[in-house]
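Trainee: Structure file data_17.txt (compact mmCIF, C-alpha atoms) is given on the next line.
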# COMPACT_ATOMS: atom_id res chain seq x y z
CA MET H 1 -26.52 32.05 -25.72
CA THR H 2 -25.67 31.68 -22.04
CA ILE H 3 -22.79 29.79 -20.49
CA LYS H 4 -25.28 27.42 -18.91
CA SER H 5 -26.83 26.51 -22.25
CA VAL H 6 -23.38 25.80 -23.74
CA LEU H 7 -22.45 23.64 -20.75
CA ASP H 8 -25.74 21.76 -20.93
CA ARG H 9 -25.13 20.85 -24.60
CA THR H 10 -21.53 19.71 -23.95
CA SER H 11 -22.29 17.69 -20.86
CA THR H 12 -20.45 14.40 -20.64
CA ASP H 13 -22.63 12.91 -17.94
CA SER H 14 -23.01 9.19 -18.36
CA GLU H 15 -25.03 6.48 -16.70
CA LEU H 16 -21.68 4.93 -15.75
CA ASP H 17 -20.50 7.97 -13.78
CA GLY H 18 -21.83 6.27 -10.63
CA ILE H 19 -19.10 3.63 -10.85
CA ALA H 20 -16.28 5.83 -12.17
CA THR H 21 -14.74 6.25 -8.70
CA ASP H 22 -14.97 2.51 -8.11
CA ILE H 23 -13.17 1.83 -11.40
CA GLY H 24 -10.47 4.32 -10.42
CA LEU H 25 -10.03 2.65 -7.03
CA LEU H 26 -9.87 -0.76 -8.72
CA ILE H 27 -7.08 0.45 -11.03
CA VAL H 28 -5.09 1.95 -8.14
CA ARG H 29 -5.53 -1.16 -5.99
CA VAL H 30 -4.62 -3.65 -8.70
CA VAL H 31 -1.56 -1.75 -9.93
CA PHE H 32 -0.11 -0.75 -6.56
CA GLY H 33 -1.15 -3.96 -4.80
CA GLY H 34 0.15 -6.14 -7.61
CA LEU H 35 3.48 -4.32 -7.80
CA LEU H 36 3.97 -4.44 -4.04
CA ALA H 37 3.10 -8.15 -3.93
CA ALA H 38 5.63 -8.73 -6.72
CA HIS H 39 8.32 -6.95 -4.66
CA GLY H 40 7.51 -9.24 -1.74
CA ALA H 41 7.73 -12.31 -3.98
CA GLN H 42 11.12 -11.10 -5.21
CA LYS H 43 12.37 -10.93 -1.63
CA LEU H 44 10.91 -14.26 -0.52
CA PHE H 45 11.16 -16.47 -3.59
CA GLY H 46 13.58 -14.74 -5.97
CA TRP H 47 10.83 -14.42 -8.59
CA TRP H 48 11.13 -11.83 -11.39
CA GLY H 49 14.85 -11.35 -10.90
CA GLY H 50 14.58 -10.79 -7.16
CA PRO H 51 17.24 -11.65 -4.63
CA GLY H 52 15.47 -14.52 -2.91
CA LEU H 53 15.40 -15.09 0.83
CA GLN H 54 19.10 -15.50 1.64
CA ALA H 55 20.38 -12.61 -0.50
CA ASN H 56 17.52 -10.49 0.81
CA ALA H 57 18.51 -11.37 4.39
CA ASP H 58 22.10 -10.40 3.63
CA GLY H 59 20.92 -7.09 2.20
CA PHE H 60 18.85 -6.36 5.29
CA GLU H 61 21.86 -7.04 7.51
CA GLN H 62 23.91 -4.57 5.44
CA MET H 63 21.17 -1.97 6.04
CA GLY H 64 21.43 -2.56 9.79
CA TYR H 65 18.37 -4.77 10.20
CA ASN H 66 19.77 -7.61 12.32
CA PRO H 67 18.98 -10.45 12.22
CA GLY H 68 18.60 -9.99 8.48
CA LYS H 69 16.68 -13.21 8.01
CA VAL H 70 13.94 -12.11 10.41
CA PHE H 71 13.64 -8.55 9.11
CA GLY H 72 14.04 -9.58 5.45
CA THR H 73 11.38 -12.25 5.77
CA LEU H 74 9.08 -9.83 7.58
CA ALA H 75 9.54 -7.25 4.81
CA GLY H 76 8.82 -9.84 2.13
CA LEU H 77 5.74 -11.15 3.92
CA THR H 78 4.30 -7.70 4.57
CA GLU H 79 4.90 -6.61 0.98
CA LEU H 80 3.41 -9.82 -0.44
CA GLY H 81 0.51 -10.01 2.02
CA GLY H 82 -0.29 -6.30 2.13
CA GLY H 83 -0.01 -6.07 -1.64
CA LEU H 84 -2.35 -9.01 -2.21
CA LEU H 85 -4.88 -7.64 0.30
CA LEU H 86 -4.84 -4.28 -1.52
CA LEU H 87 -5.11 -5.93 -4.93
CA LEU H 88 -8.14 -7.92 -3.80
CA GLY H 89 -9.69 -5.08 -1.80
CA LEU H 90 -9.82 -7.31 1.26
CA LEU H 91 -9.56 -6.06 4.85
CA THR H 92 -8.66 -2.69 3.37
CA PRO H 93 -7.86 -0.72 6.56
CA LEU H 94 -5.54 -3.51 7.72
CA ALA H 95 -4.00 -3.78 4.25
CA GLY H 96 -3.36 -0.03 4.20
CA ALA H 97 -1.75 -0.16 7.64
CA ILE H 98 0.48 -3.08 6.63
CA VAL H 99 1.61 -1.27 3.49
CA LEU H 100 2.23 2.09 5.18
CA GLY H 101 4.05 0.53 8.16
CA THR H 102 6.30 -1.38 5.76
CA MET H 103 6.92 1.73 3.68
CA ILE H 104 7.96 3.74 6.75
CA ASN H 105 10.87 1.31 7.03
CA ALA H 106 11.50 1.34 3.28
CA ILE H 107 11.71 5.13 3.36
CA ASN H 108 14.12 4.95 6.29
CA ALA H 109 16.30 2.40 4.47
CA THR H 110 16.47 4.46 1.27
CA TRP H 111 16.58 7.95 2.84
CA ALA H 112 20.24 8.57 2.01
CA GLY H 113 19.45 8.37 -1.73
CA GLY H 114 17.21 11.43 -1.53
CA LEU H 115 13.66 11.68 -2.81
CA LEU H 116 14.26 10.95 -6.49
CA GLY H 117 16.33 7.83 -6.89
CA GLY H 118 15.93 7.01 -3.22
CA TYR H 119 12.75 6.84 -1.24
CA GLU H 120 10.14 8.02 -3.79
CA MET H 121 8.84 4.48 -4.36
CA GLY H 122 8.31 4.06 -0.62
CA VAL H 123 6.40 7.35 -0.56
CA LEU H 124 4.19 6.31 -3.48
CA PHE H 125 3.27 2.94 -1.97
CA GLY H 126 2.87 4.54 1.47
CA VAL H 127 0.47 7.20 0.17
CA VAL H 128 -1.74 4.56 -1.42
CA GLY H 129 -1.62 2.54 1.81
CA ALA H 130 -2.59 5.65 3.78
CA ALA H 131 -5.41 6.75 1.44
CA LEU H 132 -7.37 3.55 0.83
CA PRO H 133 -8.53 3.01 4.44
CA PHE H 134 -10.23 6.43 4.18
CA THR H 135 -11.85 5.88 0.76
CA GLY H 136 -12.47 2.17 0.95
CA PRO H 137 -11.63 -0.22 -1.87
CA GLY H 138 -14.70 0.51 -4.02
CA LYS H 139 -17.48 -1.71 -5.33
CA PHE H 140 -15.12 -4.01 -7.23
CA SER H 141 -13.47 -5.58 -4.20
CA LEU H 142 -13.85 -8.49 -1.84
CA ASP H 143 -14.78 -6.06 0.94
CA ALA H 144 -17.71 -4.56 -1.00
CA GLY H 145 -21.04 -5.27 0.66
CA ARG H 146 -19.53 -7.56 3.27
CA PRO H 147 -20.31 -7.20 6.97
CA TRP H 148 -16.62 -6.71 7.77
CA ALA H 149 -16.15 -3.89 5.23
CA ARG H 150 -14.87 -0.73 6.91
CA HIS H 151 -13.67 2.63 5.68
CA GLY H 152 -14.03 6.30 6.46
CA PHE H 153 -12.44 8.79 8.80
CA VAL H 154 -12.20 6.66 11.94
CA TRP H 155 -10.88 3.60 10.09
CA GLY H 156 -8.45 5.73 8.11
CA VAL H 157 -7.05 7.37 11.23
CA GLY H 158 -6.91 3.98 12.96
CA ALA H 159 -4.95 2.51 10.06
CA LEU H 160 -2.54 5.48 10.13
CA ILE H 161 -1.96 5.06 13.85
CA LEU H 162 -1.42 1.30 13.54
CA ALA H 163 1.00 1.83 10.63
CA VAL H 164 3.05 4.47 12.42
CA VAL H 165 3.20 2.47 15.67
CA THR H 166 4.29 -0.75 13.94
CA GLY H 167 6.66 1.05 11.55
CA VAL H 168 8.35 2.94 14.37
CA PHE H 169 8.42 -0.17 16.57
CA THR H 170 10.27 -2.01 13.79
CA LEU H 171 12.77 0.86 13.53
CA ILE H 172 13.30 0.76 17.31
CA LEU H 173 13.96 -2.99 17.06
CA LYS H 174 16.42 -2.31 14.22
CA TRP H 175 18.34 0.16 16.36
CA ALA H 176 18.12 -1.92 19.54
CA LEU H 177 19.17 -5.30 18.11
Could you write out this structure as structure tokens?

Mentor:
Amino acid sequence: MTIKSVLDRTSTDSELDGIATDIGLLIVRVVFGGLLAAHGAQKLFGWWGGPGLQANADGFEQMGYNPGKVFGTLAGLTELGGGLLLLLGLLTPLAGAIVLGTMINAINATWAGGLLGGYEMGVLFGVVGAALPFTGPGKFSLDAGRPWARHGFVWGVGALILAVVTGVFTLILKWAL
């Protein structure tokens, strides 16, 4: 008995293997996009035990983002909007850039807490935001098969550049204002 014959008999190939990656991308998008959108809704509307707009603005001022109302609202909108775009698999490179740019600031704001207990959540959301413009959202998305659908190396790098530029620009505004 050869190794090949053993492997052939224990093969787990399935007709559904062609969509396995798309199912995986759907799970990642829905979980991360949904959670990020929920964080944005907490900031903007106070849903799910969140601070709401005024308390969020006060918190942003304490972190040095002045005016807190502008930066807090921007954070809530980018988390809500970017999260919903990821969840839906819509305009994926833009969604990834929005999420990563926002998470650059979240990492900066939570840096003092260290990786665990500090900025790990920003890293997790940021990694998903960075990865999806390269892979695309998968077949189970609003981008799938549409003329505007974009992904791949060039779109991934473009999303990374846009995210870093906007994230750093926001940090410069924080320090300048």

Trainee: Quick one: of H:Leu44, H:Glu61, H:Gly138, H:Leu173, who's nearest to Leu74 (chain H), counting all atoms listed in the file?

Mentor: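 The closest residue to Leu74 (chain H) is H:Leu44.
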
Trainee: Of the residues H:Phe140, H:Phe134, H:Phe60, H:Trp48, which is the one nearest to Val30 (chain H), using only C-alpha atoms?

Mentor: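 Counting only C-alpha atoms, the residue closest to Val30 (chain H) is H:Phe140.
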
Trainee: Of the candidates H:Asn105, H:Gln62, H:Thr78, H:Gln42, which shows the shortest atom-to-atom distance to Val164 (chain H), using all atoms listed in the file?

Mentor: H:Asn105

Trainee: Please, which residues are within 9 Å of (-7.4, -0.2, -7.5) by the file's coordinates, counting only C-alpha atoms, and could they come as a list in words?

Mentor: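 Output of the proximity query reads Asp22, Ile23, Gly24, Leu25, Leu26, Ile27, Val28, Arg29, Val30, Val31, Phe32, Gly33, Leu86, Leu87, Leu88, Gly89, Pro137, Gly138, Phe140 and Ser141 of chain H.
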
Trainee: With distances taken over all atoms listed in the file, which residue among H:Gly40, H:Gly113, H:Gly76, H:Pro93 lies nearest Gly136 (chain H)?

Mentor: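 Of H:Gly40, H:Gly113, H:Gly76, H:Pro93, the one nearest Gly136 (chain H), counting all atoms listed in the file, is H:Pro93.
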
Trainee: With distances taken over all atoms listed in the file, which residue among H:Ala149, H:Leu84, H:Leu160, H:Ala20 lies nearest Leu35 (chain H)?

Mentor: H:Leu84

Trainee: Quick one: of H:Val168, H:Leu16, H:Met121, H:Leu80, who's nearest to Ala95 (chain H), counting only C-alpha atoms?

Mentor: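 Checking each of H:Val168, H:Leu16, H:Met121, H:Leu80 against Ala95 (chain H), counting only C-alpha atoms, the winner is H:Leu80.
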
Trainee: For CA of Ile19 (chain H) and CA of Gly152 (chain H), quote the distance in Å rounded to one decimal.

Mentor: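 Separating CA of Ile19 (chain H) from CA of Gly152 (chain H) is a distance of 18.2 Å.
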
Trainee: Which distance in Å separates CA of Gly64 (chain H) and CA of Gly167 (chain H), to one decimal?

Mentor: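 Separating CA of Gly64 (chain H) from CA of Gly167 (chain H) is a distance of 15.3 Å.
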
Trainee: Could you please determine the separation between CA of Glu120 (chain H) and CA of Met103 (chain H) in Å, to one decimal place?

Mentor: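 CA of Met103 (chain H) lies 10.3 Å from CA of Glu120 (chain H).
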
Trainee: Which neighbours of Leu91 (chain H) fall inside 8 Å, counting all atoms listed in the file, when residues of the same chain fewer than 3 positions from it are skipped, and could you give them as a ChimeraX atom specification?

Mentor: /H:85,94-95,143,148-150

Trainee: Excluding Asp58 (chain H) and its own-chain neighbours fewer than 6 positions away, which residues fall within 9 Å of it when counting all atoms listed in the file? Please give them as a list in words.

Mentor: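 These residues fall inside the cut-off: Gly68, Lys69 and Gly72 of chain H.
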